[in-house]
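Novice: run_23.cif (mmCIF, C-alpha atoms; chains and numbers go by the auth columns) pasted underneath:
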data_model
#
loop_
_atom_site.group_PDB
_atom_site.id
_atom_site.type_symbol
_atom_site.label_atom_id
_atom_site.label_comp_id
_atom_site.label_asym_id
_atom_site.label_seq_id
_atom_site.Cartn_x
_atom_site.Cartn_y
_atom_site.Cartn_z
_atom_site.B_iso_or_equiv
_atom_site.auth_seq_id
_atom_site.auth_asym_id
ATOM 1 C CA MET A 1 -30.681 -18.115 19.556 0.00 1 A
ATOM 2 C CA VAL A 2 -28.561 -21.072 20.599 0.00 2 A
ATOM 3 C CA LYS A 3 -27.383 -21.330 24.222 0.00 3 A
ATOM 4 C CA PHE A 4 -24.212 -23.345 24.555 0.00 4 A
ATOM 5 C CA ARG A 5 -24.351 -25.202 27.851 0.00 5 A
ATOM 6 C CA SER A 6 -21.284 -27.295 27.091 0.00 6 A
ATOM 7 C CA GLY A 7 -18.227 -27.196 24.901 0.00 7 A
ATOM 8 C CA ARG A 8 -19.438 -30.371 23.220 0.00 8 A
ATOM 9 C CA LYS A 9 -22.632 -28.583 22.091 0.00 9 A
ATOM 10 C CA LEU A 10 -20.536 -25.733 20.701 0.00 10 A
ATOM 11 C CA ILE A 11 -18.412 -28.129 18.647 0.00 11 A
ATOM 12 C CA GLU A 12 -21.501 -30.004 17.416 0.00 12 A
ATOM 13 C CA ALA A 13 -23.050 -26.720 16.248 0.00 13 A
ATOM 14 C CA ILE A 14 -19.846 -25.626 14.498 0.00 14 A
ATOM 15 C CA ASP A 15 -19.446 -29.019 12.846 0.00 15 A
ATOM 16 C CA ALA A 16 -23.024 -28.846 11.523 0.00 16 A
ATOM 17 C CA TYR A 17 -22.439 -25.291 10.240 0.00 17 A
ATOM 18 C CA VAL A 18 -19.142 -26.210 8.511 0.00 18 A
ATOM 19 C CA THR A 19 -20.738 -29.280 6.923 0.00 19 A
ATOM 20 C CA GLU A 20 -23.641 -27.169 5.655 0.00 20 A
ATOM 21 C CA CYS A 21 -21.254 -24.585 4.170 0.00 21 A
ATOM 22 C CA ARG A 22 -19.241 -27.273 2.382 0.00 22 A
ATOM 23 C CA SER A 23 -22.376 -28.640 0.757 0.00 23 A
ATOM 24 C CA VAL A 24 -23.182 -25.324 -0.942 0.00 24 A
ATOM 25 C CA ASP A 25 -22.294 -25.492 -4.645 0.00 25 A
ATOM 26 C CA THR A 26 -21.092 -22.088 -5.866 0.00 26 A
ATOM 27 C CA LYS A 27 -18.554 -20.829 -8.369 0.00 27 A
ATOM 28 C CA LYS A 28 -16.929 -18.455 -5.885 0.00 28 A
ATOM 29 C CA PRO A 29 -14.824 -19.813 -3.044 0.00 29 A
ATOM 30 C CA ILE A 30 -16.707 -19.657 0.229 0.00 30 A
ATOM 31 C CA PHE A 31 -15.748 -20.904 3.618 0.00 31 A
ATOM 32 C CA ALA A 32 -17.390 -21.432 6.937 0.00 32 A
ATOM 33 C CA ASN A 33 -16.590 -18.401 9.030 0.00 33 A
ATOM 34 C CA ILE A 34 -17.195 -17.044 12.493 0.00 34 A
ATOM 35 C CA ALA A 35 -19.607 -14.314 11.395 0.00 35 A
ATOM 36 C CA GLY A 36 -21.677 -16.826 9.445 0.00 36 A
ATOM 37 C CA PHE A 37 -21.689 -19.235 12.363 0.00 37 A
ATOM 38 C CA CYS A 38 -22.811 -16.466 14.712 0.00 38 A
ATOM 39 C CA ARG A 39 -25.599 -15.508 12.320 0.00 39 A
ATOM 40 C CA SER A 40 -26.795 -19.095 12.055 0.00 40 A
ATOM 41 C CA ALA A 41 -26.637 -19.578 15.837 0.00 41 A
ATOM 42 C CA GLY A 42 -28.304 -16.226 16.533 0.00 42 A
ATOM 43 C CA ILE A 43 -25.482 -14.913 18.692 0.00 43 A
ATOM 44 C CA SER A 44 -23.174 -11.941 18.405 0.00 44 A
ATOM 45 C CA VAL A 45 -19.499 -12.269 17.573 0.00 45 A
ATOM 46 C CA GLY A 46 -18.787 -10.908 21.064 0.00 46 A
ATOM 47 C CA ASP A 47 -20.875 -13.711 22.579 0.00 47 A
ATOM 48 C CA TYR A 48 -18.932 -16.241 20.523 0.00 48 A
ATOM 49 C CA LEU A 49 -15.585 -14.797 21.594 0.00 49 A
ATOM 50 C CA SER A 50 -16.671 -14.868 25.243 0.00 50 A
ATOM 51 C CA LEU A 51 -17.019 -18.663 24.981 0.00 51 A
ATOM 52 C CA LYS A 52 -13.218 -18.836 25.070 0.00 52 A
ATOM 53 C CA LYS A 53 -13.373 -18.314 28.842 0.00 53 A
ATOM 54 C CA ARG A 54 -16.064 -20.936 29.435 0.00 54 A
ATOM 55 C CA PHE A 55 -14.801 -23.596 27.035 0.00 55 A
ATOM 56 C CA PRO A 56 -11.099 -22.894 26.302 0.00 56 A
ATOM 57 C CA ALA A 57 -10.245 -26.306 24.799 0.00 57 A
ATOM 58 C CA GLU A 58 -13.345 -26.377 22.613 0.00 58 A
ATOM 59 C CA PHE A 59 -12.769 -22.770 21.562 0.00 59 A
ATOM 60 C CA GLU A 60 -9.321 -23.748 20.271 0.00 60 A
ATOM 61 C CA LEU A 61 -10.855 -26.730 18.471 0.00 61 A
ATOM 62 C CA ALA A 62 -13.437 -24.378 16.941 0.00 62 A
ATOM 63 C CA GLY A 63 -10.525 -22.338 15.617 0.00 63 A
ATOM 64 C CA ALA A 64 -9.185 -25.459 13.917 0.00 64 A
ATOM 65 C CA TYR A 65 -12.573 -25.996 12.234 0.00 65 A
ATOM 66 C CA PHE A 66 -12.622 -22.428 10.909 0.00 66 A
ATOM 67 C CA GLU A 67 -8.943 -22.515 9.921 0.00 67 A
ATOM 68 C CA ASP A 68 -9.412 -25.761 7.997 0.00 68 A
ATOM 69 C CA ALA A 69 -12.488 -24.374 6.240 0.00 69 A
ATOM 70 C CA ALA A 70 -10.646 -21.192 5.280 0.00 70 A
ATOM 71 C CA LEU A 71 -7.485 -22.924 4.073 0.00 71 A
ATOM 72 C CA ASN A 72 -9.420 -25.407 1.951 0.00 72 A
ATOM 73 C CA SER A 73 -11.846 -22.880 0.498 0.00 73 A
ATOM 74 C CA GLY A 74 -9.778 -21.696 -2.440 0.00 74 A
ATOM 75 C CA ALA A 75 -9.801 -18.128 -1.108 0.00 75 A
ATOM 76 C CA THR A 76 -6.637 -16.083 -1.498 0.00 76 A
ATOM 77 C CA ALA A 77 -3.890 -16.476 1.080 0.00 77 A
ATOM 78 C CA SER A 78 -4.119 -12.811 2.051 0.00 78 A
ATOM 79 C CA LEU A 79 -7.859 -13.095 2.725 0.00 79 A
ATOM 80 C CA VAL A 80 -7.425 -16.274 4.766 0.00 80 A
ATOM 81 C CA GLY A 81 -4.546 -14.777 6.757 0.00 81 A
ATOM 82 C CA MET A 82 -6.418 -11.544 7.443 0.00 82 A
ATOM 83 C CA TYR A 83 -9.519 -13.450 8.500 0.00 83 A
ATOM 84 C CA LEU A 84 -7.687 -15.777 10.877 0.00 84 A
ATOM 85 C CA ARG A 85 -5.659 -12.965 12.453 0.00 85 A
ATOM 86 C CA GLN A 86 -8.819 -10.913 12.992 0.00 86 A
ATOM 87 C CA TYR A 87 -10.160 -13.532 15.398 0.00 87 A
ATOM 88 C CA GLY A 88 -6.831 -14.279 17.046 0.00 88 A
ATOM 89 C CA TYR A 89 -6.312 -17.701 15.505 0.00 89 A
ATOM 90 C CA TRP A 90 -3.118 -16.738 13.658 0.00 90 A
ATOM 91 C CA GLY A 91 -0.528 -14.345 15.006 0.00 91 A
ATOM 92 C CA LYS A 92 -1.571 -10.965 16.264 0.00 92 A
ATOM 93 C CA PRO A 93 -5.125 -9.713 15.630 0.00 93 A
ATOM 94 C CA ALA A 94 -5.414 -7.123 12.867 0.00 94 A
ATOM 95 C CA GLU A 95 -4.782 -3.565 13.980 0.00 95 A
ATOM 96 C CA ASP A 96 -7.613 -1.072 13.793 0.00 96 A
ATOM 97 C CA GLU A 97 -5.303 1.652 12.574 0.00 97 A
ATOM 98 C CA VAL A 98 -2.391 1.595 10.154 0.00 98 A
ATOM 99 C CA VAL A 99 0.302 4.203 10.740 0.00 99 A
ATOM 100 C CA CYS A 100 2.593 5.101 7.874 0.00 100 A
ATOM 101 C CA GLU A 101 5.465 7.399 8.750 0.00 101 A
ATOM 102 C CA HIS A 102 6.481 7.784 5.116 0.00 102 A
ATOM 103 C CA ASP A 103 5.592 11.129 3.524 0.00 103 A
ATOM 104 C CA LEU A 104 4.507 10.522 -0.070 0.00 104 A
ATOM 105 C CA TYR A 105 4.438 14.226 -0.941 0.00 105 A
ATOM 106 C CA GLU A 106 8.028 14.641 0.231 0.00 106 A
ATOM 107 C CA ASP A 107 9.057 11.991 -2.281 0.00 107 A
ATOM 108 C CA GLY A 108 7.268 13.794 -5.108 0.00 108 A
ATOM 109 C CA VAL A 109 4.253 11.556 -5.458 0.00 109 A
#
Could you quickly redo this structure as structure tokens?
Specialist:
Amino acid sequence: MVKFRSGRKLIEAIDAYVTECRSVDTKKPIFANIAGFCRSAGISVGDYLSLKKRFPAEFELAGAYFEDAALNSGATASLVGMYLRQYGYWGKPAEDEVVCEHDLYEDGV
């Protein structure tokens, strides 16, 4: 488990993780992501997200690393958008529940 004592150490660890992910040669698009970083660092996603309070500037820079990796991965736009919203890097985080007030049976479906 990695303990991040400074924002600089966090960025160094993310940079190493992103570089490692980019060196993997696969046929499917992959990108460095927060869950993968947390796995490699031995921390939970909650622990990662809590670093925003300790290192706000570096946390935003980390978001740029993950956004760049996602956008340049070749993954679909919907996957990239969903991923980045989930962690609060783009727009509103994804909702846990989707509410549809349209009644399909009423329309004869």
Novice: Do you know which residues lie at most 12 Å from (-12.2, -24.5, 21.8), with coordinates as in the file and all atoms listed in the file counted, and could you write them as a list in words?
Specialist: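 Neighbouring residues, ordered by chain and number, come to Ser6, Gly7, Arg8, Lys9, Leu10, Ile11, Glu12, Ile14, Tyr48, Leu49, Ser50, Leu51, Lys52, Lys53, Arg54, Phe55, Pro56, Ala57, Glu58, Phe59, Glu60, Leu61, Ala62, Gly63, Ala64, Tyr65, Phe66 and Tyr89 of chain A.
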Novice: Write out as a ChimeraX atom specification each polymer residue whose atoms come within 10 Å of Phe37 (chain A), counting all atoms listed in the file; drop sequence neighbours fewer than 6 positions from it.
Specialist: /A:13-14,16-18,21,43-45,48,66
Novice: Please compute the CA of Ser73 (chain A)-CA of Phe31 (chain A) distance, one decimal, in Å.
Specialist: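 Taking CA of Ser73 (chain A) as the start and CA of Phe31 (chain A) as the end point, the length is 5.4 Å.
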Novice: Can you measure CA of Arg22 (chain A) to CA of Ala75 (chain A) for me? One decimal in Å is fine.
Specialist: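 About the pair CA of Arg22 (chain A) and CA of Ala75 (chain A): they are 13.6 Å apart.
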Novice: Find the distance between CA of Glu20 (chain A) and CA of Asn72 (chain A) and write it in Å to one decimal.
Specialist: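 Atom-to-atom, CA of Glu20 (chain A) to CA of Asn72 (chain A), that is 14.8 Å.
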Novice: Using all atoms listed in the file, can you tell me which of A:Ala69, A:Ala41, A:Ile34, A:Met1 comes closest to Gln86 (chain A)?
Specialist: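 Closest to Gln86 (chain A) of all the choices is A:Ile34.
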Novice: Centre and edge lengths of an axis-aligned box around all listed atoms of region 8-19 of chain A, with 6 Å added on each side, are to be given in Å to one decimal, as AutoDock Vina command-line options.
Specialist:
--center_x -20.7 --center_y -27.8 --center_z 15.1 --size_x 16.6 --size_y 17.1 --size_z 28.3
Novice: So which one's closest to Ile30 (chain A), A:Leu84, A:Ala77, A:Val2, A:Ala70? Using all atoms listed in the file, please.
Specialist: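 Nearest candidate to Ile30 (chain A) out of A:Leu84, A:Ala77, A:Val2, A:Ala70: A:Ala70.
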